[in-house]
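Engineer: Sharing target-v4.cif below, mmCIF, C-alpha atoms:
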```
data_structure
loop_
_atom_site.label_atom_id
_atom_site.label_comp_id
_atom_site.auth_asym_id
_atom_site.auth_seq_id
_atom_site.Cartn_x
_atom_site.Cartn_y
_atom_site.Cartn_z
CA MET A 1 28.56 -6.15 -17.00
CA LEU A 2 27.06 -7.26 -13.71
CA SER A 3 29.54 -7.87 -10.95
CA PHE A 4 28.63 -8.69 -7.39
CA TYR A 5 29.89 -10.08 -4.14
CA LEU A 6 27.06 -10.23 -1.64
CA VAL A 7 26.89 -11.50 1.92
CA LYS A 8 23.64 -11.78 3.84
CA GLN A 9 22.60 -13.73 6.90
CA LEU A 10 19.37 -15.61 6.25
CA ARG A 11 16.92 -17.72 8.14
CA ALA A 12 14.97 -20.59 6.61
CA GLY A 13 12.61 -21.88 9.30
CA LYS A 14 14.83 -22.47 12.34
CA ARG A 15 17.95 -22.86 10.22
CA ARG A 16 20.26 -19.89 9.90
CA PHE A 17 22.80 -19.65 7.15
CA CYS A 18 24.95 -17.18 5.35
CA LEU A 19 24.31 -16.40 1.71
CA GLU A 20 27.66 -15.52 0.20
CA LEU A 21 27.82 -15.14 -3.54
CA GLU A 22 30.29 -13.72 -5.98
CA TYR A 23 29.73 -13.54 -9.69
CA ASP A 24 30.63 -11.62 -12.84
CA LEU A 25 28.16 -11.71 -15.69
CA PRO A 26 29.11 -10.20 -19.04
CA GLU A 27 26.86 -7.60 -20.65
CA GLY A 28 23.94 -9.26 -22.41
CA GLY A 29 24.40 -12.45 -20.39
CA PHE A 30 21.47 -14.40 -18.99
CA LEU A 31 22.21 -15.84 -15.57
CA GLY A 32 19.98 -18.53 -14.14
CA VAL A 33 19.98 -19.00 -10.37
CA ARG A 34 18.67 -22.35 -9.27
CA GLY A 35 18.22 -23.94 -5.91
CA PRO A 36 15.70 -25.45 -3.51
CA SER A 37 13.21 -23.37 -1.52
CA GLY A 38 14.92 -21.38 1.22
CA SER A 39 18.33 -21.41 -0.42
CA GLY A 40 18.37 -17.64 -0.89
CA LYS A 41 17.42 -17.31 -4.57
CA THR A 42 14.77 -14.66 -4.08
CA THR A 43 16.97 -12.83 -1.56
CA LEU A 44 19.69 -12.58 -4.18
CA VAL A 45 17.30 -11.04 -6.71
CA ARG A 46 15.88 -8.68 -4.06
CA CYS A 47 19.40 -7.57 -3.12
CA LEU A 48 20.17 -6.90 -6.79
CA ALA A 49 16.93 -4.90 -7.10
CA GLY A 50 17.66 -2.90 -3.95
CA LEU A 51 14.60 -4.22 -2.14
CA ASP A 52 16.82 -5.92 0.47
CA ARG A 53 20.12 -4.62 1.76
CA PRO A 54 22.99 -7.11 1.99
CA ASP A 55 25.11 -7.25 5.14
CA ALA A 56 28.33 -6.75 3.19
CA GLY A 57 29.82 -6.81 -0.28
CA HIS A 58 29.51 -4.83 -3.46
CA LEU A 59 27.37 -4.64 -6.57
CA ARG A 60 28.30 -2.98 -9.83
CA VAL A 61 26.33 -2.72 -13.04
CA GLY A 62 28.43 -1.38 -15.88
CA LYS A 63 30.35 1.54 -14.37
CA ASP A 64 27.72 2.26 -11.73
CA VAL A 65 28.16 1.18 -8.13
CA TRP A 66 24.76 0.25 -6.70
CA TYR A 67 26.05 -1.11 -3.43
CA ASP A 68 29.36 -1.06 -1.63
CA SER A 69 29.52 -1.79 2.08
CA SER A 70 33.09 -0.48 2.35
CA THR A 71 32.05 3.03 1.26
CA ASN A 72 28.50 2.76 2.64
CA VAL A 73 26.91 3.17 -0.79
CA PHE A 74 23.39 1.80 -1.19
CA ILE A 75 21.32 2.97 -4.12
CA ARG A 76 17.60 2.48 -3.44
CA PRO A 77 15.44 0.64 -6.00
CA GLN A 78 14.20 3.94 -7.43
CA GLY A 79 17.72 4.92 -8.35
CA ARG A 80 18.67 1.61 -9.97
CA ARG A 81 17.79 0.99 -13.55
CA VAL A 82 16.32 -2.45 -13.01
CA GLY A 83 13.40 -4.24 -14.53
CA TYR A 84 11.90 -6.54 -11.91
CA VAL A 85 9.37 -9.25 -12.61
CA ALA A 86 8.01 -10.68 -9.36
CA GLN A 87 6.75 -14.24 -8.97
CA ASP A 88 3.13 -13.06 -8.86
CA TYR A 89 3.86 -10.38 -11.51
CA ALA A 90 2.57 -7.59 -9.20
CA LEU A 91 0.55 -5.89 -11.95
CA PHE A 92 -1.33 -2.83 -10.78
CA PRO A 93 -5.00 -3.95 -10.70
CA ASN A 94 -6.31 -0.39 -11.11
CA MET A 95 -4.54 0.07 -14.44
CA THR A 96 -4.91 -1.49 -17.85
CA VAL A 97 -2.04 -3.28 -19.56
CA LEU A 98 -1.15 -0.01 -21.30
CA GLY A 99 -1.61 1.89 -18.03
CA ASN A 100 0.87 -0.43 -16.31
CA LEU A 101 3.44 0.30 -19.02
CA LEU A 102 2.78 4.04 -19.06
CA TYR A 103 3.19 4.17 -15.28
CA ALA A 104 6.70 2.83 -15.77
CA ASN A 105 7.43 5.10 -18.72
CA PRO A 106 4.98 7.75 -20.01
CA ASP A 107 6.36 7.52 -23.55
CA ARG A 108 3.52 6.03 -25.64
CA ASP A 109 5.81 4.98 -28.50
CA THR A 110 7.91 2.87 -26.14
CA ALA A 111 4.75 1.30 -24.71
CA ALA A 112 3.43 0.51 -28.19
CA ARG A 113 6.77 -1.02 -29.22
CA LEU A 114 6.91 -3.18 -26.09
CA LEU A 115 3.31 -4.33 -26.47
CA GLU A 116 4.18 -5.43 -29.97
CA LEU A 117 7.31 -7.18 -28.70
CA VAL A 118 5.35 -9.21 -26.15
CA ARG A 119 2.42 -9.64 -28.56
CA LEU A 120 -0.14 -7.92 -26.39
CA ASP A 121 -1.29 -5.13 -28.71
CA ALA A 122 -4.84 -6.46 -28.68
CA GLN A 123 -4.97 -6.58 -24.88
CA ALA A 124 -3.66 -3.03 -24.30
CA HIS A 125 -6.92 -1.78 -22.80
CA GLN A 126 -7.69 -4.82 -20.67
CA PHE A 127 -7.21 -4.94 -16.91
CA PRO A 128 -4.92 -7.56 -15.32
CA ARG A 129 -7.95 -9.48 -13.98
CA GLU A 130 -9.12 -10.00 -17.57
CA LEU A 131 -5.82 -11.57 -18.69
CA SER A 132 -4.65 -15.18 -18.76
CA GLY A 133 -1.58 -16.23 -16.75
CA GLY A 134 0.67 -16.03 -19.79
CA GLN A 135 -0.61 -12.60 -20.76
CA ARG A 136 0.02 -11.36 -17.23
CA GLN A 137 3.56 -12.65 -17.34
CA ARG A 138 4.18 -10.91 -20.65
CA THR A 139 2.64 -7.67 -19.33
CA ALA A 140 4.95 -7.79 -16.31
CA LEU A 141 7.90 -8.38 -18.61
CA ALA A 142 6.94 -5.49 -20.90
CA ARG A 143 6.47 -3.21 -17.89
CA ALA A 144 9.86 -4.23 -16.51
CA LEU A 145 11.47 -3.34 -19.84
CA ALA A 146 9.62 -0.03 -20.22
CA ARG A 147 12.17 2.08 -18.36
CA GLY A 148 15.02 0.74 -20.48
CA PRO A 149 16.69 -1.02 -17.57
CA GLU A 150 20.33 -2.04 -17.46
CA LEU A 151 19.47 -5.21 -15.61
CA LEU A 152 16.40 -7.44 -15.87
CA LEU A 153 15.53 -9.47 -12.78
CA LEU A 154 13.07 -12.34 -13.02
CA ASP A 155 11.90 -14.07 -9.85
CA GLU A 156 10.38 -17.43 -10.83
CA PRO A 157 8.60 -15.80 -13.78
CA LEU A 158 7.22 -19.08 -15.10
CA SER A 159 6.29 -20.86 -11.89
CA ALA A 160 2.64 -19.78 -11.89
CA LEU A 161 2.03 -21.23 -15.36
CA ASP A 162 1.09 -24.72 -16.53
CA GLU A 163 3.69 -26.97 -18.19
CA GLU A 164 2.79 -26.19 -21.81
CA LEU A 165 2.68 -22.46 -21.28
CA ARG A 166 5.93 -22.53 -19.32
CA GLU A 167 7.77 -23.93 -22.27
CA GLU A 168 6.19 -21.54 -24.72
CA LEU A 169 6.72 -18.45 -22.59
CA GLY A 170 10.23 -19.56 -21.65
CA GLU A 171 11.10 -19.42 -25.35
CA GLU A 172 9.35 -16.06 -25.58
CA LEU A 173 11.42 -14.80 -22.66
CA LEU A 174 14.63 -15.95 -24.32
CA ARG A 175 13.61 -14.30 -27.60
CA ILE A 176 12.91 -11.00 -25.85
CA GLN A 177 16.13 -11.14 -23.85
CA ARG A 178 18.11 -11.78 -27.03
CA THR A 179 16.22 -9.12 -28.99
CA THR A 180 16.82 -6.45 -26.36
CA GLY A 181 20.30 -7.69 -25.47
CA ILE A 182 19.65 -6.90 -21.83
CA THR A 183 21.68 -8.45 -19.03
CA ALA A 184 19.29 -10.66 -17.09
CA VAL A 185 19.14 -12.75 -13.94
CA MET A 186 16.41 -15.34 -13.56
CA VAL A 187 15.63 -17.31 -10.44
CA SER A 188 14.00 -20.70 -10.75
CA HIS A 189 13.72 -23.95 -8.85
CA SER A 190 13.69 -25.87 -12.14
CA LYS A 191 17.08 -27.07 -13.31
CA ALA A 192 15.73 -27.89 -16.77
CA GLU A 193 14.32 -24.40 -17.15
CA VAL A 194 17.50 -22.49 -16.31
CA SER A 195 19.64 -24.91 -18.30
CA ARG A 196 17.41 -24.42 -21.34
CA LEU A 197 17.09 -20.65 -21.16
CA CYS A 198 20.16 -19.22 -19.48
CA SER A 199 23.70 -18.77 -20.74
CA GLU A 200 25.13 -19.27 -17.26
CA VAL A 201 23.81 -21.12 -14.24
CA LEU A 202 24.37 -20.71 -10.52
CA GLU A 203 23.36 -23.53 -8.24
CA LEU A 204 22.57 -22.50 -4.66
CA ARG A 205 22.63 -24.96 -1.80
CA GLY A 206 21.74 -23.18 1.41
CA GLY A 207 23.72 -20.15 0.39
CA ALA A 208 26.75 -22.05 -0.88
CA LEU A 209 27.54 -21.73 -4.52
CA ASP A 210 28.11 -24.51 -6.97
CA GLY A 211 29.16 -22.65 -10.08
CA GLU A 212 28.67 -24.31 -13.38
CA ARG A 213 28.74 -22.52 -16.66
CA LEU A 214 26.55 -23.78 -19.42
CA ALA A 215 26.87 -22.65 -22.99
CA VAL A 216 23.35 -22.56 -24.35
CA TYR A 217 24.13 -20.34 -27.31
CA MET B 1 -38.55 21.48 13.68
CA GLU B 2 -35.38 23.53 13.63
CA LEU B 3 -32.98 23.21 10.75
CA ALA B 4 -29.93 24.38 12.71
CA PRO B 5 -29.18 21.04 14.49
CA PHE B 6 -29.08 19.35 11.08
CA LEU B 7 -26.67 21.93 9.72
CA VAL B 8 -24.44 21.65 12.81
CA SER B 9 -24.43 17.84 12.53
CA LEU B 10 -23.65 17.89 8.81
CA ARG B 11 -20.85 20.42 9.30
CA LEU B 12 -19.50 18.42 12.21
CA GLY B 13 -19.51 15.21 10.15
CA ALA B 14 -17.72 16.91 7.27
CA TRP B 15 -14.99 18.45 9.42
CA VAL B 16 -14.41 15.31 11.45
CA THR B 17 -14.22 13.13 8.33
CA ILE B 18 -11.80 15.42 6.49
CA LEU B 19 -9.54 15.91 9.50
CA LEU B 20 -9.50 12.21 10.36
CA LEU B 21 -8.69 11.28 6.76
CA VAL B 22 -5.61 13.48 6.89
CA VAL B 23 -4.54 12.45 10.39
CA CYS B 24 -5.33 8.74 10.14
CA PHE B 25 -3.66 7.88 6.85
CA PRO B 26 -0.07 8.18 8.12
CA LEU B 27 -1.08 6.54 11.40
CA ALA B 28 -2.80 3.65 9.61
CA TRP B 29 0.25 3.32 7.38
CA ALA B 30 2.50 3.07 10.42
CA PHE B 31 0.21 0.54 12.12
CA ALA B 32 -0.08 -1.57 8.97
CA ARG B 33 3.51 -1.46 7.78
CA ALA B 34 5.71 -0.58 10.76
CA ARG B 35 7.80 -3.35 12.19
CA ALA B 36 8.52 -1.50 15.44
CA GLY B 37 6.81 -3.14 18.41
CA TRP B 38 5.95 0.13 20.14
CA THR B 39 3.28 0.97 17.54
CA VAL B 40 0.97 -1.60 19.16
CA PHE B 41 0.82 0.56 22.31
CA LEU B 42 -0.16 3.59 20.25
CA GLU B 43 -2.69 1.52 18.34
CA ALA B 44 -4.28 0.36 21.60
CA LEU B 45 -4.51 3.98 22.70
CA THR B 46 -6.25 5.04 19.49
CA SER B 47 -8.74 2.19 19.89
CA LEU B 48 -9.80 3.30 23.38
CA PRO B 49 -12.79 5.35 22.12
CA LEU B 50 -14.35 2.09 20.95
CA VAL B 51 -14.66 0.74 24.48
CA LEU B 52 -14.67 3.81 26.72
CA ALA B 53 -17.95 5.50 27.59
CA PRO B 54 -18.30 8.66 25.43
CA THR B 55 -19.13 10.67 28.53
CA VAL B 56 -15.82 9.62 30.10
CA LEU B 57 -13.94 10.71 26.98
CA GLY B 58 -15.96 13.92 26.87
CA PHE B 59 -15.22 14.59 30.52
CA TYR B 60 -11.46 14.20 30.05
CA LEU B 61 -11.54 16.35 26.92
CA LEU B 62 -13.45 19.02 28.80
CA VAL B 63 -10.93 18.93 31.63
CA ALA B 64 -8.01 19.00 29.18
CA LEU B 65 -9.35 21.73 26.90
CA SER B 66 -11.27 24.07 29.20
CA PRO B 67 -9.94 27.65 29.37
CA ARG B 68 -8.57 26.90 32.83
CA SER B 69 -6.44 24.00 31.59
CA PRO B 70 -2.90 24.70 30.23
CA VAL B 71 -3.87 23.55 26.72
CA GLY B 72 -7.15 25.46 26.65
CA ALA B 73 -5.47 28.58 28.08
CA PHE B 74 -2.71 28.35 25.47
CA PHE B 75 -5.16 28.20 22.55
CA GLN B 76 -7.23 31.03 24.01
CA SER B 77 -4.28 33.36 24.66
CA THR B 78 -2.29 32.52 21.50
CA PHE B 79 -4.99 32.10 18.85
CA GLY B 80 -7.99 33.57 20.65
CA LEU B 81 -9.60 30.19 20.18
CA ARG B 82 -11.99 28.83 22.75
CA ILE B 83 -12.22 25.08 22.40
CA ALA B 84 -14.65 24.00 25.13
CA PHE B 85 -18.29 24.84 24.40
CA SER B 86 -17.56 25.85 20.81
CA PHE B 87 -17.87 24.24 17.39
CA VAL B 88 -14.12 23.59 17.42
CA GLY B 89 -14.62 21.67 20.67
CA ILE B 90 -17.21 19.32 19.22
CA VAL B 91 -15.01 18.76 16.16
CA VAL B 92 -12.16 17.76 18.49
CA GLY B 93 -14.56 15.49 20.39
CA GLY B 94 -15.90 14.01 17.17
CA CYS B 95 -12.36 13.35 15.96
CA VAL B 96 -11.41 11.54 19.16
CA SER B 97 -14.60 9.50 19.08
CA GLY B 98 -14.36 8.69 15.34
CA LEU B 99 -10.63 7.97 15.31
CA PRO B 100 -10.91 4.15 15.57
CA PHE B 101 -13.54 3.99 12.81
CA MET B 102 -11.40 5.77 10.25
CA LEU B 103 -8.19 4.17 11.46
CA THR B 104 -9.49 0.60 11.29
CA SER B 105 -10.90 1.06 7.79
CA LEU B 106 -7.73 2.67 6.45
CA LYS B 107 -5.49 0.09 8.10
CA THR B 108 -7.57 -2.73 6.60
CA GLY B 109 -7.34 -1.04 3.21
CA ILE B 110 -3.59 -0.56 3.40
CA LEU B 111 -3.08 -4.16 4.51
CA GLY B 112 -5.17 -5.25 1.53
CA VAL B 113 -2.69 -3.73 -0.90
CA SER B 114 0.04 -6.28 -1.52
CA PRO B 115 3.54 -5.09 -0.52
CA GLY B 116 4.60 -6.57 -3.87
CA LEU B 117 2.72 -3.77 -5.66
CA LEU B 118 4.63 -1.17 -3.67
CA GLU B 119 7.93 -2.85 -4.42
CA ALA B 120 7.03 -3.09 -8.11
CA SER B 121 6.36 0.65 -8.10
CA TYR B 122 9.68 1.38 -6.36
CA THR B 123 11.61 -0.69 -8.91
CA LEU B 124 9.87 1.33 -11.63
CA GLY B 125 11.55 4.41 -10.18
CA LYS B 126 8.60 5.84 -8.28
CA GLY B 127 8.91 7.36 -4.82
CA ARG B 128 6.75 6.62 -1.81
CA LEU B 129 4.33 9.55 -2.26
CA ARG B 130 3.67 8.76 -5.91
CA THR B 131 3.24 5.09 -5.04
CA ILE B 132 0.69 5.97 -2.36
CA LEU B 133 -1.26 8.30 -4.65
CA ARG B 134 -1.24 6.13 -7.78
CA ILE B 135 -1.12 2.58 -6.40
CA VAL B 136 -2.15 2.37 -2.74
CA ILE B 137 -5.13 4.74 -2.65
CA PRO B 138 -6.79 3.54 -5.89
CA ASN B 139 -6.47 -0.06 -4.72
CA MET B 140 -8.03 0.59 -1.31
CA ARG B 141 -11.02 2.57 -2.55
CA ALA B 142 -13.58 0.32 -0.85
CA ALA B 143 -11.86 0.64 2.54
CA LEU B 144 -11.45 4.37 2.04
CA PHE B 145 -15.13 4.71 1.26
CA ALA B 146 -16.02 2.56 4.28
CA GLY B 147 -13.87 4.80 6.48
CA ILE B 148 -15.48 7.96 5.16
CA VAL B 149 -19.05 6.65 5.45
CA THR B 150 -18.73 5.10 8.90
CA THR B 151 -16.82 8.08 10.30
CA TYR B 152 -19.29 10.57 8.87
CA ALA B 153 -22.32 8.59 10.04
CA HIS B 154 -20.80 8.14 13.49
CA ALA B 155 -19.92 11.83 13.76
CA ILE B 156 -23.39 13.12 12.87
CA GLY B 157 -24.92 10.73 15.40
CA GLU B 158 -22.37 11.32 18.18
CA PHE B 159 -23.98 12.34 21.46
CA GLY B 160 -22.14 11.84 24.75
CA ILE B 161 -18.74 13.26 23.93
CA VAL B 162 -20.25 16.16 21.94
CA LEU B 163 -22.62 17.09 24.75
CA MET B 164 -19.84 17.00 27.33
CA ILE B 165 -17.38 19.17 25.44
CA GLY B 166 -19.82 21.35 23.51
CA GLY B 167 -22.90 21.64 25.64
CA SER B 168 -26.00 22.50 23.67
CA ILE B 169 -25.61 25.92 22.13
CA PRO B 170 -28.23 26.38 19.39
CA GLY B 171 -26.67 26.84 15.97
CA VAL B 172 -23.18 26.19 17.34
CA THR B 173 -22.90 22.89 19.20
CA LYS B 174 -26.47 21.59 19.33
CA THR B 175 -26.50 18.57 17.02
CA VAL B 176 -29.44 16.41 15.93
CA SER B 177 -28.79 13.78 18.59
CA ILE B 178 -28.71 16.46 21.29
CA ALA B 179 -31.95 17.89 19.88
CA VAL B 180 -33.52 14.40 20.20
CA TYR B 181 -32.40 14.21 23.83
CA GLU B 182 -33.78 17.66 24.65
CA HIS B 183 -37.15 16.94 23.03
CA VAL B 184 -37.46 13.67 24.98
CA GLU B 185 -36.48 15.45 28.18
CA ALA B 186 -39.27 17.95 27.49
CA LEU B 187 -41.65 15.01 26.81
CA ASP B 188 -42.07 16.23 23.22
CA PHE B 189 -41.93 12.76 21.64
CA SER B 190 -43.25 13.84 18.25
CA GLY B 191 -40.49 16.44 17.99
CA ALA B 192 -37.91 13.82 18.94
CA GLN B 193 -39.43 11.49 16.37
CA VAL B 194 -38.75 13.86 13.46
CA TYR B 195 -35.06 14.19 14.31
CA SER B 196 -34.74 10.47 15.05
CA ILE B 197 -36.30 9.44 11.75
CA ALA B 198 -33.89 11.73 9.92
CA LEU B 199 -30.91 10.17 11.74
CA VAL B 200 -32.14 6.61 11.09
CA ALA B 201 -32.69 7.40 7.40
CA ALA B 202 -29.24 9.00 7.03
CA SER B 203 -27.55 6.05 8.76
CA TYR B 204 -29.49 3.53 6.66
CA VAL B 205 -28.54 5.27 3.41
CA ALA B 206 -24.90 5.37 4.52
CA ILE B 207 -24.83 1.65 5.33
CA LEU B 208 -26.65 0.87 2.09
CA ALA B 209 -24.10 2.85 0.06
CA LEU B 210 -21.32 1.01 1.87
CA LEU B 211 -22.79 -2.40 1.08
CA PHE B 212 -23.29 -1.48 -2.59
CA MET B 213 -19.69 -0.36 -2.77
CA GLN B 214 -18.50 -3.60 -1.15
CA ARG B 215 -20.58 -5.68 -3.57
CA ARG B 216 -19.17 -3.77 -6.50
CA GLY B 217 -15.66 -4.36 -5.15
CA ALA B 218 -16.32 -8.08 -4.67
CA ARG B 219 -17.48 -8.47 -8.28
CA ARG B 220 -14.15 -7.06 -9.55
#
```
Could you show the structure in this file as structure tokens?

Structural biologist:
Amino acid sequence: MLSFYLVKQLRAGKRRFCLELEYDLPEGGFLGVRGPSGSGKTTLVRCLAGLDRPDAGHLRVGKDVWYDSSTNVFIRPQGRRVGYVAQDYALFPNMTVLGNLLYANPDRDTAARLLELVRLDAQAHQFPRELSGGQRQRTALARALARGPELLLLDEPLSALDEELREELGEELLRIQRTTGITAVMVSHSKAEVSRLCSEVLELRGGALDGERLAVY
Amino acid sequence: MELAPFLVSLRLGAWVTILLLVVCFPLAWAFARARAGWTVFLEALTSLPLVLAPTVLGFYLLVALSPRSPVGAFFQSTFGLRIAFSFVGIVVGGCVSGLPFMLTSLKTGILGVSPGLLEASYTLGKGRLRTILRIVIPNMRAALFAGIVTTYAHAIGEFGIVLMIGGSIPGVTKTVSIAVYEHVEALDFSGAQVYSIALVAASYVAILALLFMQRRGARR
């Protein structure tokens, strides 16, 4: 279960606002966070990943406390079992697809299983520059899953793709999330996308929360 | 033609390049990634050798490191190490003079590696050192190579600062460029020519290697 209450002061251009969010997501849930640019979506994911430190609040994943301002606990990204897929996928250009996975987890069996899961077995020895946008996205996803994370974080994972591919890979994403049963949080500016893929949806408006719960499955 | 000035120059280039690689990487990292405003003052200081006359730098180094100075006296009494007019002295001079070359290349290289790659590595459980060794350095190879080549080429051709701090002791501090100067001073132009051609050829090969490396990088 993912449980958080996070407070962080943000600045979007000249506008300053406070991002204040509280949410409990059951284990295996898929939370979609939607909102316009500058509403704090990416900041939320970065705080969950440990890449940004909130000003106050708490964050628990299962029984583990990753952040608690009252006891001054802040687990750095290295100590959190997260899988993080950045908007630009951040694949290591000096490594092949397999190399990217093995960097995350040196176990070759796990890498082979994940490559099969994301249907990239044939591209294992290609470099990121030789891949299509969709293949890059799937590599980033496989790499994020390689460590066996407790929480999968997806920052606009489909935004760099064209319309047709977005739909196809969105379904792929949902299939993988359901197959692995991992708790996931996805950020997107597309309402249709989060509504279609996620079991629960958060709507951000300049840091304020409009909670609506959608039952997709 | 003596071989010794070549050997001194090559040794000087190697020492300066290795030392600057070690010293400049953390500095370049701080300049590229640090958010603290004070680093700009330090960066300006490290860039001074680009604009200051080498003889001025050499003069100050000589004053600071001579056996009569506190620093020079300390090294002499503690380690028995004489810095001025020794090979160590010209290495120090070469390092000061070559600092901005290595620093600029490394900083450019570090800036060229997306912070997103570092963050991706951190979220995969890797620490900073491992991230630097496996992600940062392999992805800044061209800049690293440029730093090594330009620093080495600059060091073997350095004249003013080396002459000031090292003098011209055959086999110890007399480099190729100093040999050129001495041959010209003695009106032995053909002797100067031999050393000069060697320096021009070495510099040309270095620049050529750099350009090939950059082209290879651009094709990737």

Engineer: With all atoms listed in the file considered, list every residue of chain A at most 10 Å from chain B, as a PyMOL selection string.

Structural biologist: chain A and resi 46+49-51+76-95+100-101+103-105+129-130+140+143-147+149

Engineer: Can you write just those residues out, C-alpha atoms, as a CSV table (one decimal), in the coordinates of the input?

Structural biologist:
```csv
chain,number,residue,atom,x,y,z
A,46,ARG,CA,15.9,-8.7,-4.1
A,49,ALA,CA,16.9,-4.9,-7.1
A,50,GLY,CA,17.7,-2.9,-4.0
A,51,LEU,CA,14.6,-4.2,-2.1
A,76,ARG,CA,17.6,2.5,-3.4
A,77,PRO,CA,15.4,0.6,-6.0
A,78,GLN,CA,14.2,3.9,-7.4
A,79,GLY,CA,17.7,4.9,-8.4
A,80,ARG,CA,18.7,1.6,-10.0
A,81,ARG,CA,17.8,1.0,-13.6
A,82,VAL,CA,16.3,-2.4,-13.0
A,83,GLY,CA,13.4,-4.2,-14.5
A,84,TYR,CA,11.9,-6.5,-11.9
A,85,VAL,CA,9.4,-9.2,-12.6
A,86,ALA,CA,8.0,-10.7,-9.4
A,87,GLN,CA,6.8,-14.2,-9.0
A,88,ASP,CA,3.1,-13.1,-8.9
A,89,TYR,CA,3.9,-10.4,-11.5
A,90,ALA,CA,2.6,-7.6,-9.2
A,91,LEU,CA,0.6,-5.9,-12.0
A,92,PHE,CA,-1.3,-2.8,-10.8
A,93,PRO,CA,-5.0,-4.0,-10.7
A,94,ASN,CA,-6.3,-0.4,-11.1
A,95,MET,CA,-4.5,0.1,-14.4
A,100,ASN,CA,0.9,-0.4,-16.3
A,101,LEU,CA,3.4,0.3,-19.0
A,103,TYR,CA,3.2,4.2,-15.3
A,104,ALA,CA,6.7,2.8,-15.8
A,105,ASN,CA,7.4,5.1,-18.7
A,129,ARG,CA,-8.0,-9.5,-14.0
A,130,GLU,CA,-9.1,-10.0,-17.6
A,140,ALA,CA,5.0,-7.8,-16.3
A,143,ARG,CA,6.5,-3.2,-17.9
A,144,ALA,CA,9.9,-4.2,-16.5
A,145,LEU,CA,11.5,-3.3,-19.8
A,146,ALA,CA,9.6,0.0,-20.2
A,147,ARG,CA,12.2,2.1,-18.4
A,149,PRO,CA,16.7,-1.0,-17.6
```

Engineer: For Gly28 in chain A, find every residue with an atom within 8 Å (counting only C-alpha atoms), except residues of its own chain fewer than 3 positions away, and show them as a list in words.

Structural biologist: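 Non-adjacent residues within range: Met1, Arg178, Gly181, Ile182, Thr183 and Ala184 of chain A.
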
Engineer: With all atoms listed in the file as the counted atoms, please give the residues lying no more than 7 Å from Thr17 in chain B, apart from itself and same-chain residues fewer than 4 positions off, as a PDB file with C-alpha atoms, in the coordinates of the input.

Structural biologist:
```
ATOM      1  CA  GLY B  13     -19.510  15.210  10.150  1.00  0.00           C
ATOM      2  CA  LEU B  21      -8.690  11.280   6.760  1.00  0.00           C
ATOM      3  CA  ILE B 148     -15.480   7.960   5.160  1.00  0.00           C
ATOM      4  CA  THR B 151     -16.820   8.080  10.300  1.00  0.00           C
ATOM      5  CA  TYR B 152     -19.290  10.570   8.870  1.00  0.00           C
TER       6      TYR B 152
END
```

Engineer: Write out as a compact mmCIF listing (two decimals) with C-alpha atoms, in the coordinates of the input the residues lying within 9 Å of Leu65 in chain B, counting all atoms listed in the file and excluding same-chain residues fewer than 4 positions away.

Structural biologist:
```txt
# COMPACT_ATOMS: atom_id res chain seq x y z
CA TYR B 60 -11.46 14.20 30.05
CA LEU B 61 -11.54 16.35 26.92
CA SER B 69 -6.44 24.00 31.59
CA PRO B 70 -2.90 24.70 30.23
CA VAL B 71 -3.87 23.55 26.72
CA GLY B 72 -7.15 25.46 26.65
CA ALA B 73 -5.47 28.58 28.08
CA PHE B 75 -5.16 28.20 22.55
CA ARG B 82 -11.99 28.83 22.75
CA ILE B 83 -12.22 25.08 22.40
CA ALA B 84 -14.65 24.00 25.13
CA GLY B 89 -14.62 21.67 20.67
CA ILE B 165 -17.38 19.17 25.44
```

Engineer: List as a VMD selection string the protein and nucleic acid residues near Pro49 in chain B, meaning an atom at most 12 Å away when all atoms listed in the file are counted, but skip any in the same chain fewer than 3 places from it.

Structural biologist: chain B and resid 43 to 46 52 to 58 60 93 to 103 158 160 to 161

Engineer: Which of these, B:Thr108, B:Ser86, B:Thr131, B:Gln214, has the shortest distance to Gly167 in chain B once you count only C-alpha atoms?

Structural biologist: B:Ser86

Engineer: Tell me, in Å to one decimal, how far CA of Gly40 in chain A is from CA of Leu19 in chain A.

Structural biologist: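 A separation of 6.6 Å between them.
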
Engineer: Run the PyMOL selection byres ((chain A and resi 124-128) around 6) mentally over the shown coordinates, then write out the matched residues as a list in words, using the chain letters and numbers from the document.

Structural biologist: Pro93, Thr96, Val97, Leu98, Asp121, Ala122, Gln123, Arg129, Glu130 and Leu131 of chain A

Engineer: Near His183 in chain B, counting all atoms listed in the file, which residues have an atom at most 12 Å away, once you skip same-chain residues fewer than 5 positions from it, shown as a list in words?

Structural biologist: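 Contacts, in chain order: Met1, Glu2, Val176, Ser177, Ile178, Asp188, Phe189, Ser190, Gly191, Ala192, Gln193, Val194, Tyr195 and Ser196 of chain B.
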
Engineer: Could you list the residues chosen by the PyMOL selection byres ((chain A and resi 161) around 12) in this structure as a list in words?

Structural biologist: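 Those residues are Gln87, Asp88, Tyr89, Ser132, Gly133, Gly134, Gln135, Arg136, Gln137, Arg138, Glu156, Pro157, Leu158, Ser159, Ala160, Asp162, Glu163, Glu164, Leu165, Arg166, Glu167, Glu168, Leu169 and Gly170 of chain A.
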